[in-house]
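Dropping protein.cif in here (mmCIF, C-alpha atoms):
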```cif
data_my_file
loop_
_atom_site.group_PDB
_atom_site.id
_atom_site.type_symbol
_atom_site.label_atom_id
_atom_site.label_comp_id
_atom_site.auth_asym_id
_atom_site.auth_seq_id
_atom_site.Cartn_x
_atom_site.Cartn_y
_atom_site.Cartn_z
ATOM 1 C CA MET T 1 -34.002 45.234 -65.090
ATOM 2 C CA LYS T 2 -34.295 48.721 -63.600
ATOM 3 C CA ILE T 3 -33.457 49.594 -59.992
ATOM 4 C CA GLN T 4 -34.554 52.746 -58.194
ATOM 5 C CA TYR T 5 -33.777 55.072 -55.269
ATOM 6 C CA TYR T 6 -36.628 55.803 -52.798
ATOM 7 C CA SER T 7 -37.727 58.035 -49.945
ATOM 8 C CA VAL T 8 -39.459 56.655 -46.814
ATOM 9 C CA LEU T 9 -43.262 56.604 -46.388
ATOM 10 C CA MET T 10 -45.421 54.506 -43.999
ATOM 11 C CA PRO T 11 -44.867 50.827 -43.002
ATOM 12 C CA GLU T 12 -46.976 48.278 -44.853
ATOM 13 C CA LYS T 13 -47.194 44.481 -44.930
ATOM 14 C CA CYS T 14 -45.819 42.496 -47.850
ATOM 15 C CA TRP T 15 -44.006 39.228 -48.576
ATOM 16 C CA GLY T 16 -40.383 39.127 -47.454
ATOM 17 C CA ILE T 17 -37.306 36.919 -46.949
ATOM 18 C CA LYS T 18 -35.511 36.685 -43.584
ATOM 19 C CA VAL T 19 -31.801 35.741 -43.737
ATOM 20 C CA LYS T 20 -28.716 35.800 -41.544
ATOM 21 C CA LYS T 21 -26.638 38.961 -41.977
ATOM 22 C CA ILE T 22 -23.634 36.951 -43.200
ATOM 23 C CA ILE T 23 -25.487 36.053 -46.425
ATOM 24 C CA GLY T 24 -27.367 39.349 -46.723
ATOM 25 C CA GLU T 25 -25.480 40.806 -49.691
ATOM 26 C CA GLU T 26 -25.553 37.627 -51.782
ATOM 27 C CA THR T 27 -29.287 37.252 -51.040
ATOM 28 C CA ARG T 28 -29.927 40.835 -52.143
ATOM 29 C CA GLN T 29 -27.945 40.263 -55.359
ATOM 30 C CA ARG T 30 -29.862 37.039 -56.054
ATOM 31 C CA LEU T 31 -33.250 38.735 -55.541
ATOM 32 C CA ILE T 32 -32.249 41.586 -57.850
ATOM 33 C CA ALA T 33 -30.929 39.183 -60.507
ATOM 34 C CA ASP T 34 -34.174 37.165 -60.403
ATOM 35 C CA GLY T 35 -36.337 40.291 -60.465
ATOM 36 C CA ASN T 36 -37.898 39.408 -57.081
ATOM 37 C CA LEU T 37 -36.744 42.315 -54.883
ATOM 38 C CA HIS T 38 -39.756 44.581 -54.273
ATOM 39 C CA PRO T 39 -39.010 48.130 -55.485
ATOM 40 C CA ASP T 40 -41.666 49.805 -53.313
ATOM 41 C CA PHE T 41 -40.337 48.827 -49.873
ATOM 42 C CA LYS T 42 -37.134 49.279 -47.895
ATOM 43 C CA PRO T 43 -35.199 46.284 -46.450
ATOM 44 C CA LYS T 44 -34.796 46.243 -42.672
ATOM 45 C CA LYS T 45 -32.661 44.499 -40.064
ATOM 46 C CA ASP T 46 -32.470 43.388 -36.449
ATOM 47 C CA SER T 47 -29.473 42.258 -34.394
ATOM 48 C CA GLU T 48 -28.983 38.991 -36.349
ATOM 49 C CA HIS T 49 -31.082 39.113 -39.515
ATOM 50 C CA LEU T 50 -31.824 41.104 -42.641
ATOM 51 C CA TYR T 51 -35.314 41.283 -44.119
ATOM 52 C CA PHE T 52 -35.805 41.793 -47.879
ATOM 53 C CA PRO T 53 -39.225 42.644 -49.379
ATOM 54 C CA VAL T 54 -40.219 40.525 -52.395
ATOM 55 C CA LYS T 55 -42.833 41.061 -55.088
ATOM 56 C CA GLU T 56 -44.787 37.847 -54.477
ATOM 57 C CA LYS T 57 -44.806 34.695 -52.396
ATOM 58 C CA ILE T 58 -41.678 32.625 -53.129
ATOM 59 C CA PRO T 59 -40.031 29.721 -51.246
ATOM 60 C CA ASP T 60 -39.139 30.665 -47.614
ATOM 61 C CA SER T 61 -41.056 33.967 -47.779
ATOM 62 C CA GLU T 62 -43.225 35.265 -44.918
ATOM 63 C CA THR T 63 -45.311 38.375 -44.302
ATOM 64 C CA PHE T 64 -43.443 41.281 -42.676
ATOM 65 C CA GLU T 65 -43.934 45.004 -42.215
ATOM 66 C CA PHE T 66 -41.683 47.170 -44.388
ATOM 67 C CA GLU T 67 -41.343 50.907 -44.822
ATOM 68 C CA ALA T 68 -42.875 52.017 -48.121
ATOM 69 C CA ARG T 69 -40.803 54.189 -50.426
ATOM 70 C CA SER T 70 -41.530 56.705 -53.164
ATOM 71 C CA VAL T 71 -39.444 56.856 -56.299
ATOM 72 C CA LYS T 72 -36.680 59.476 -56.436
ATOM 73 C CA GLN T 73 -34.393 58.281 -59.201
ATOM 74 C CA GLU T 74 -34.180 55.302 -61.495
ATOM 75 C CA LEU T 75 -30.837 53.545 -61.893
ATOM 76 C CA PRO T 76 -29.691 52.257 -65.300
ATOM 77 C CA ARG T 77 -30.039 48.563 -66.087
ATOM 78 C CA HIS T 78 -27.041 46.517 -65.021
ATOM 79 C CA GLU T 79 -25.795 43.173 -63.705
ATOM 80 C CA LEU T 80 -23.933 43.216 -60.397
ATOM 81 C CA ILE T 81 -21.050 40.742 -60.010
ATOM 82 C CA GLY T 82 -19.308 41.274 -56.685
ATOM 83 C CA GLY T 83 -17.997 44.839 -56.791
ATOM 84 C CA ILE T 84 -18.424 45.234 -60.563
ATOM 85 C CA ALA T 85 -21.566 46.563 -62.220
ATOM 86 C CA VAL T 86 -21.876 45.666 -65.913
ATOM 87 C CA ILE T 87 -24.077 48.356 -67.431
ATOM 88 C CA HIS T 88 -26.426 47.444 -70.287
ATOM 89 C CA GLU T 89 -26.237 50.722 -72.220
ATOM 90 C CA LYS T 90 -23.006 52.654 -72.742
ATOM 91 C CA SER T 91 -23.190 55.954 -70.836
ATOM 92 C CA ASN T 92 -20.485 57.566 -68.705
ATOM 93 C CA LYS T 93 -23.097 59.621 -66.864
ATOM 94 C CA ASP T 94 -25.131 56.537 -65.960
ATOM 95 C CA ALA T 95 -21.935 54.705 -64.992
ATOM 96 C CA GLU T 96 -21.014 57.458 -62.520
ATOM 97 C CA MET T 97 -24.531 57.291 -61.091
ATOM 98 C CA LEU T 98 -24.162 53.553 -60.558
ATOM 99 C CA LEU T 99 -20.761 54.000 -58.926
ATOM 100 C CA ARG T 100 -22.269 56.427 -56.400
ATOM 101 C CA SER T 101 -25.391 54.341 -55.782
ATOM 102 C CA ARG T 102 -23.873 51.615 -53.617
ATOM 103 C CA PRO T 103 -20.621 51.390 -51.601
ATOM 104 C CA VAL T 104 -19.939 47.809 -52.773
ATOM 105 C CA ILE T 105 -19.498 48.913 -56.421
ATOM 106 C CA HIS T 106 -15.875 49.761 -57.245
ATOM 107 C CA THR T 107 -16.015 49.549 -61.058
ATOM 108 C CA VAL T 108 -18.615 50.009 -63.790
ATOM 109 C CA LEU T 109 -17.985 48.151 -67.058
ATOM 110 C CA TYR T 110 -19.638 48.129 -70.452
ATOM 111 C CA SER T 111 -19.486 44.947 -72.528
ATOM 112 C CA GLU T 112 -18.251 45.799 -76.021
ATOM 113 C CA SER T 113 -18.776 42.307 -77.439
ATOM 114 C CA ALA T 114 -20.758 39.125 -77.069
ATOM 115 C CA VAL T 115 -19.134 35.971 -75.706
ATOM 116 C CA THR T 116 -16.722 34.977 -78.480
ATOM 117 C CA GLY T 117 -13.906 32.597 -79.320
ATOM 118 C CA GLU T 118 -12.795 29.214 -78.079
ATOM 119 C CA TYR T 119 -12.131 30.640 -74.610
ATOM 120 C CA ARG T 120 -15.612 32.253 -74.277
ATOM 121 C CA THR T 121 -14.453 35.763 -73.343
ATOM 122 C CA LYS T 122 -15.857 39.276 -73.732
ATOM 123 C CA ASP T 123 -14.279 42.672 -74.308
ATOM 124 C CA TYR T 124 -15.060 45.308 -71.666
ATOM 125 C CA GLN T 125 -14.572 49.050 -71.365
ATOM 126 C CA VAL T 126 -14.202 50.695 -67.945
ATOM 127 C CA LEU T 127 -16.700 53.580 -67.720
ATOM 128 C CA ALA T 128 -16.282 54.514 -64.048
ATOM 129 C CA GLY T 129 -14.296 53.559 -60.964
ATOM 130 C CA GLY T 130 -11.192 51.402 -60.798
ATOM 131 C CA ASN T 131 -9.420 50.266 -63.969
ATOM 132 C CA THR T 132 -9.999 46.534 -63.452
ATOM 133 C CA THR T 133 -12.101 43.585 -64.562
ATOM 134 C CA GLU T 134 -11.284 41.618 -61.393
ATOM 135 C CA THR T 135 -13.563 41.295 -58.383
ATOM 136 C CA ASP T 136 -14.439 39.088 -55.416
ATOM 137 C CA TYR T 137 -17.843 37.444 -55.533
ATOM 138 C CA THR T 138 -19.814 35.548 -52.870
ATOM 139 C CA GLU T 139 -22.565 33.030 -53.646
ATOM 140 C CA TYR T 140 -24.390 31.010 -50.983
ATOM 141 C CA GLY T 141 -21.431 31.266 -48.626
ATOM 142 C CA LEU T 142 -18.856 30.355 -51.303
ATOM 143 C CA ARG T 143 -16.132 32.789 -52.387
ATOM 144 C CA PHE T 144 -14.853 33.322 -55.921
ATOM 145 C CA LYS T 145 -12.148 35.309 -57.656
ATOM 146 C CA ILE T 146 -13.522 36.591 -60.952
ATOM 147 C CA ASP T 147 -11.814 38.252 -63.912
ATOM 148 C CA LEU T 148 -14.485 39.047 -66.480
ATOM 149 C CA SER T 149 -12.008 39.792 -69.260
ATOM 150 C CA LYS T 150 -10.338 36.374 -68.949
ATOM 151 C CA ALA T 151 -13.217 33.980 -68.297
ATOM 152 C CA TYR T 152 -16.995 34.218 -68.702
ATOM 153 C CA PHE T 153 -19.070 34.352 -65.523
ATOM 154 C CA SER T 154 -22.708 35.111 -64.727
ATOM 155 C CA ALA T 155 -24.130 35.629 -61.260
ATOM 156 C CA ARG T 156 -27.592 35.024 -62.708
ATOM 157 C CA LEU T 157 -27.091 31.236 -62.577
ATOM 158 C CA ALA T 158 -26.747 31.159 -58.776
ATOM 159 C CA ASN T 159 -30.249 29.741 -58.264
ATOM 160 C CA GLU T 160 -29.716 27.166 -61.010
ATOM 161 C CA ARG T 161 -26.609 25.864 -59.246
ATOM 162 C CA GLN T 162 -28.575 25.522 -56.021
ATOM 163 C CA ARG T 163 -31.417 23.745 -57.821
ATOM 164 C CA ILE T 164 -29.043 21.081 -59.081
ATOM 165 C CA LEU T 165 -27.324 20.787 -55.695
ATOM 166 C CA ASN T 166 -30.711 20.166 -54.049
ATOM 167 C CA SER T 167 -31.497 17.413 -56.590
ATOM 168 C CA MET T 168 -28.226 15.530 -56.011
ATOM 169 C CA LYS T 169 -27.638 12.492 -53.843
ATOM 170 C CA GLU T 170 -24.624 12.272 -51.552
ATOM 171 C CA GLY T 171 -21.543 10.734 -53.146
ATOM 172 C CA GLU T 172 -22.273 11.375 -56.817
ATOM 173 C CA ARG T 173 -19.455 11.412 -59.381
ATOM 174 C CA LEU T 174 -19.695 14.685 -61.289
ATOM 175 C CA LEU T 175 -18.194 15.927 -64.560
ATOM 176 C CA ASP T 176 -18.337 19.597 -65.565
ATOM 177 C CA LEU T 177 -17.298 19.681 -69.222
ATOM 178 C CA PHE T 178 -17.073 23.495 -69.484
ATOM 179 C CA ALA T 179 -16.302 24.521 -65.917
ATOM 180 C CA GLY T 180 -15.001 28.072 -66.391
ATOM 181 C CA VAL T 181 -13.851 29.539 -63.061
ATOM 182 C CA GLY T 182 -15.650 26.709 -61.248
ATOM 183 C CA PRO T 183 -19.025 28.008 -60.001
ATOM 184 C CA PHE T 184 -20.913 24.769 -60.739
ATOM 185 C CA ALA T 185 -18.019 22.534 -59.662
ATOM 186 C CA VAL T 186 -17.471 24.350 -56.371
ATOM 187 C CA ALA T 187 -21.180 24.570 -55.527
ATOM 188 C CA LEU T 188 -21.926 20.922 -56.357
ATOM 189 C CA SER T 189 -18.813 19.575 -54.623
ATOM 190 C CA ARG T 190 -20.764 19.872 -51.384
ATOM 191 C CA LYS T 191 -22.583 16.620 -52.230
ATOM 192 C CA ALA T 192 -20.317 14.963 -54.802
ATOM 193 C CA SER T 193 -17.693 12.369 -53.923
ATOM 194 C CA VAL T 194 -15.500 13.522 -56.804
ATOM 195 C CA VAL T 195 -15.740 16.380 -59.305
ATOM 196 C CA ILE T 196 -13.821 16.533 -62.573
ATOM 197 C CA ALA T 197 -13.912 20.181 -63.733
ATOM 198 C CA ASN T 198 -12.619 20.721 -67.266
ATOM 199 C CA ASP T 199 -12.134 23.837 -69.373
ATOM 200 C CA ILE T 200 -10.135 24.679 -72.485
ATOM 201 C CA ASN T 201 -9.347 28.236 -71.304
ATOM 202 C CA PRO T 202 -6.038 28.335 -69.318
ATOM 203 C CA ASP T 203 -7.020 31.547 -67.496
ATOM 204 C CA ALA T 204 -10.344 30.015 -66.458
ATOM 205 C CA VAL T 205 -8.603 26.922 -65.080
ATOM 206 C CA ARG T 206 -6.100 29.082 -63.193
ATOM 207 C CA LEU T 207 -8.935 31.053 -61.582
ATOM 208 C CA MET T 208 -10.845 27.827 -60.877
ATOM 209 C CA ASP T 209 -7.821 26.381 -59.108
ATOM 210 C CA GLU T 210 -7.639 29.525 -56.970
ATOM 211 C CA ASN T 211 -11.356 29.274 -56.143
ATOM 212 C CA ILE T 212 -10.974 25.617 -55.145
ATOM 213 C CA ARG T 213 -8.208 26.574 -52.715
ATOM 214 C CA LEU T 214 -10.099 29.653 -51.517
ATOM 215 C CA ASN T 215 -13.036 27.449 -50.459
ATOM 216 C CA ARG T 216 -10.763 24.676 -49.097
ATOM 217 C CA ILE T 217 -12.307 22.004 -51.303
ATOM 218 C CA LYS T 218 -10.524 18.662 -51.609
ATOM 219 C CA ASN T 219 -12.685 16.655 -54.028
ATOM 220 C CA ILE T 220 -12.365 18.724 -57.230
ATOM 221 C CA THR T 221 -9.793 17.894 -59.899
ATOM 222 C CA PRO T 222 -9.363 20.804 -62.346
ATOM 223 C CA MET T 223 -8.403 19.851 -65.899
ATOM 224 C CA LEU T 224 -7.210 21.915 -68.867
ATOM 225 C CA GLY T 225 -8.265 20.403 -72.166
ATOM 226 C CA ASP T 226 -10.752 19.895 -74.971
ATOM 227 C CA ALA T 227 -13.924 18.260 -73.659
ATOM 228 C CA LEU T 228 -14.004 16.008 -76.739
ATOM 229 C CA HIS T 229 -10.919 14.216 -75.375
ATOM 230 C CA MET T 230 -12.578 13.168 -72.108
ATOM 231 C CA PRO T 231 -13.627 9.683 -73.372
ATOM 232 C CA GLY T 232 -9.961 8.916 -73.967
ATOM 233 C CA ILE T 233 -9.249 9.651 -70.296
ATOM 234 C CA PHE T 234 -12.272 8.175 -68.484
ATOM 235 C CA PRO T 235 -14.096 4.879 -69.117
ATOM 236 C CA ASP T 236 -17.629 4.882 -70.475
ATOM 237 C CA GLY T 237 -20.295 5.453 -67.817
ATOM 238 C CA SER T 238 -17.852 6.984 -65.314
ATOM 239 C CA PHE T 239 -20.142 9.754 -64.055
ATOM 240 C CA ASP T 240 -23.508 10.042 -62.326
ATOM 241 C CA ARG T 241 -24.084 13.647 -63.413
ATOM 242 C CA ILE T 242 -22.665 15.842 -66.180
ATOM 243 C CA ILE T 243 -22.922 19.632 -66.535
ATOM 244 C CA MET T 244 -22.943 21.035 -70.089
ATOM 245 C CA ASN T 245 -23.147 24.818 -69.717
ATOM 246 C CA LEU T 246 -21.863 25.926 -73.109
ATOM 247 C CA PRO T 247 -25.241 27.208 -74.290
ATOM 248 C CA MET T 248 -24.187 28.500 -77.713
ATOM 249 C CA ASN T 249 -22.325 25.379 -78.855
ATOM 250 C CA SER T 250 -22.951 22.270 -76.726
ATOM 251 C CA VAL T 251 -24.386 20.040 -79.444
ATOM 252 C CA PRO T 252 -21.000 18.763 -80.784
ATOM 253 C CA PHE T 253 -20.242 17.472 -77.273
ATOM 254 C CA LEU T 254 -23.441 15.461 -76.742
ATOM 255 C CA LYS T 255 -21.921 12.177 -77.909
ATOM 256 C CA THR T 256 -19.092 12.653 -75.398
ATOM 257 C CA ALA T 257 -21.514 13.403 -72.567
ATOM 258 C CA PHE T 258 -23.765 10.400 -73.212
ATOM 259 C CA GLN T 259 -20.730 8.136 -73.532
ATOM 260 C CA LEU T 260 -19.414 9.204 -70.114
ATOM 261 C CA CYS T 261 -22.775 9.269 -68.270
ATOM 262 C CA ARG T 262 -23.816 6.046 -66.555
ATOM 263 C CA LYS T 263 -27.183 4.481 -67.293
ATOM 264 C CA GLY T 264 -29.733 6.256 -65.124
ATOM 265 C CA GLY T 265 -27.426 9.247 -64.665
ATOM 266 C CA VAL T 266 -28.327 12.860 -65.468
ATOM 267 C CA ILE T 267 -27.012 15.344 -68.011
ATOM 268 C CA HIS T 268 -27.847 19.040 -67.563
ATOM 269 C CA PHE T 269 -27.739 20.464 -71.086
ATOM 270 C CA TYR T 270 -27.950 24.258 -71.485
ATOM 271 C CA SER T 271 -29.017 26.080 -74.627
ATOM 272 C CA ILE T 272 -29.776 29.611 -75.802
ATOM 273 C CA GLN T 273 -32.967 29.251 -77.810
ATOM 274 C CA GLU T 274 -35.969 31.087 -79.176
ATOM 275 C CA GLU T 275 -38.636 28.403 -79.065
ATOM 276 C CA GLU T 276 -39.531 26.048 -76.220
ATOM 277 C CA GLY T 277 -38.354 22.525 -77.005
ATOM 278 C CA GLY T 278 -35.814 23.750 -79.536
ATOM 279 C CA MET T 279 -33.234 21.089 -78.583
ATOM 280 C CA MET T 280 -35.593 18.190 -77.882
ATOM 281 C CA GLU T 281 -35.161 16.512 -81.273
ATOM 282 C CA GLU T 282 -31.353 16.683 -81.001
ATOM 283 C CA LEU T 283 -31.372 15.159 -77.503
ATOM 284 C CA ARG T 284 -33.721 12.354 -78.566
ATOM 285 C CA LYS T 285 -30.994 11.081 -80.899
ATOM 286 C CA PHE T 286 -29.091 9.909 -77.809
ATOM 287 C CA THR T 287 -31.643 8.734 -75.223
ATOM 288 C CA THR T 288 -35.159 7.416 -74.691
ATOM 289 C CA GLY T 289 -35.034 8.566 -71.070
ATOM 290 C CA LYS T 290 -37.058 11.346 -69.486
ATOM 291 C CA ILE T 291 -36.196 14.909 -70.567
ATOM 292 C CA THR T 292 -37.408 17.895 -68.558
ATOM 293 C CA GLU T 293 -37.011 21.400 -69.956
ATOM 294 C CA ARG T 294 -37.114 24.663 -68.000
ATOM 295 C CA LYS T 295 -36.335 28.314 -68.632
ATOM 296 C CA VAL T 296 -33.352 29.521 -66.582
ATOM 297 C CA ARG T 297 -33.396 33.228 -67.488
ATOM 298 C CA SER T 298 -34.066 35.717 -70.253
ATOM 299 C CA TYR T 299 -31.045 36.237 -72.463
ATOM 300 C CA ALA T 300 -31.945 38.726 -75.185
ATOM 301 C CA PRO T 301 -35.082 39.847 -77.037
ATOM 302 C CA LYS T 302 -36.860 36.660 -78.198
ATOM 303 C CA LEU T 303 -34.107 34.446 -76.714
ATOM 304 C CA HIS T 304 -33.863 32.628 -73.398
ATOM 305 C CA HIS T 305 -31.348 30.421 -71.569
ATOM 306 C CA ALA T 306 -32.889 26.956 -71.138
ATOM 307 C CA VAL T 307 -31.768 23.805 -69.361
ATOM 308 C CA TYR T 308 -32.741 20.251 -70.285
ATOM 309 C CA ASP T 309 -32.422 17.719 -67.468
ATOM 310 C CA VAL T 310 -31.803 14.474 -69.369
ATOM 311 C CA ILE T 311 -31.934 10.944 -67.975
ATOM 312 C CA CYS T 312 -29.385 8.688 -69.710
ATOM 313 C CA GLU T 313 -30.926 5.407 -70.866
#
```
Give the structure from the file, written as structure tokens.
Amino acid sequence: MKIQYYSVLMPEKCWGIKVKKIIGEETRQRLIADGNLHPDFKPKKDSEHLYFPVKEKIPDSETFEFEARSVKQELPRHELIGGIAVIHEKSNKDAEMLLRSRPVIHTVLYSESAVTGEYRTKDYQVLAGGNTTETDYTEYGLRFKIDLSKAYFSARLANERQRILNSMKEGERLLDLFAGVGPFAVALSRKASVVIANDINPDAVRLMDENIRLNRIKNITPMLGDALHMPGIFPDGSFDRIIMNLPMNSVPFLKTAFQLCRKGGVIHFYSIQEEEGGMMEELRKFTTGKITERKVRSYAPKLHHAVYDVICE
């Protein structure tokens, strides 16, 4: 994704999103991450609200007048996580440009590796700004402490977390098998009666515990352990909903998930795949229930991050 600087032209009408100022920055980040923020118009504000132009009609959008802009300079591709910009191509010059582009950015990182190892971490190099991989991140009114070098995190799943939250019933029992720093657990705790949030990475669990306290949540129990051991701790059918966001290696844990999910419950199984339906045959080994597949986001050339919503039968 490429982002640009602009100069002001004349007001024009286009689709836009109106939000309270308190959630303005997280809304802007979400629109950028989803590729929906319109590059040809300038956001505006009034005393209580911010207005963001979008490329097409999306949920909650209306028609507003925005000031048109002409392109001055194109910013390098990056992902913004709180005050950290993770640049896609290694360039100190581009990193300095990013650092100057927005006051919220305090550090520009370059990822020197893919997600690797049992703890799902990446190696980063600081290209500009502060010498840190830590940042504060806000998502739909929730606050998180993030350390990218110690635990994997992606802001690009914010909408996916809200989609699941909107599909939940009040009082569900939830298990997050690979919880990381707790973004799914914290977001979905708003409707769950109890959340068991497990991860094998001690640093991830430490950060998750801090994020639980930061958001004053009482119904999440963080656990440090191998997800394969969960059936020895909880009876079969203990949970109404199970999150399996370990997209590179979730298959070995499917038996565990189906054992712990109640009949009629839901498993959200995530996979990095090339072809649509790539995991359907594997999932059919465990259930005859309904399976719905959807693309969450692009991941790499020819690859995408998919989720399968699976009914346990």
How big is the axis-aligned box, and where does its centre sit, when it encloses all atoms of segment 128-139 of chain T listed in the file and has 6 Å added on every side, reported in Å to one decimal as AutoDock Vina command-line options?
```
--center_x -16.0 --center_y 43.8 --center_z -58.7 --size_x 25.1 --size_y 33.5 --size_z 23.7
```
request  = Tell me which residues the PyMOL selection byres ((chain T and resi 52) around 7) grabs here, as a list in words.
outcome  =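 Checked against the file, the PyMOL selection byres ((chain T and resi 52) around 7) matches Gly16, Ile17, Lys18, Pro43, Lys44, Leu50, Tyr51, Pro53 and Val54 of chain T.
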inquiry  = Once the PyMOL selection byres ((chain T and resi 212) around 10) has been evaluated on this model, what residues remain selected, and can you format them as an MDAnalysis selection string?
reply    = chainID T and resid 142:144 181:183 185:186 189 207:211 213:222
task = Name the residues that the PyMOL selection byres ((chain T and resi 129) around 8) picks from the file above, as a PyMOL selection string, using the file's chain letters and numbers.
result = chain T and resi 96+99+106-108+126-128+130-131
For the residues in that selection, give me C-alpha atoms as a PDB file, in the coordinates of the input.
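So the final result, stored in out34.pdb, reads:
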```
ATOM      1  CA  GLU T  96     -21.014  57.458 -62.520  1.00  0.00           C
ATOM      2  CA  LEU T  99     -20.761  54.000 -58.926  1.00  0.00           C
ATOM      3  CA  HIS T 106     -15.875  49.761 -57.245  1.00  0.00           C
ATOM      4  CA  THR T 107     -16.015  49.549 -61.058  1.00  0.00           C
ATOM      5  CA  VAL T 108     -18.615  50.009 -63.790  1.00  0.00           C
ATOM      6  CA  VAL T 126     -14.202  50.695 -67.945  1.00  0.00           C
ATOM      7  CA  LEU T 127     -16.700  53.580 -67.720  1.00  0.00           C
ATOM      8  CA  ALA T 128     -16.282  54.514 -64.048  1.00  0.00           C
ATOM      9  CA  GLY T 130     -11.192  51.402 -60.798  1.00  0.00           C
ATOM     10  CA  ASN T 131      -9.420  50.266 -63.969  1.00  0.00           C
TER      11      ASN T 131
END
```
request  = Find the residue from T:Lys122, T:Arg102, T:Arg241, T:His268 that sits nearest to Met168 of chain T; use only C-alpha atoms when measuring.
outcome  = T:Arg241
query = Of the candidates T:Gln273, T:Gln29, T:Asn245, T:Thr116, which one gets nearest to Asn198 of chain T if we count all atoms listed in the file?
reply =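 Using all atoms listed in the file, Asn198 of chain T sits closest to T:Asn245.
Relative to atom CA of Gly35 of chain T, atom CA of Glu74 of chain T is found at 15.2 Å.
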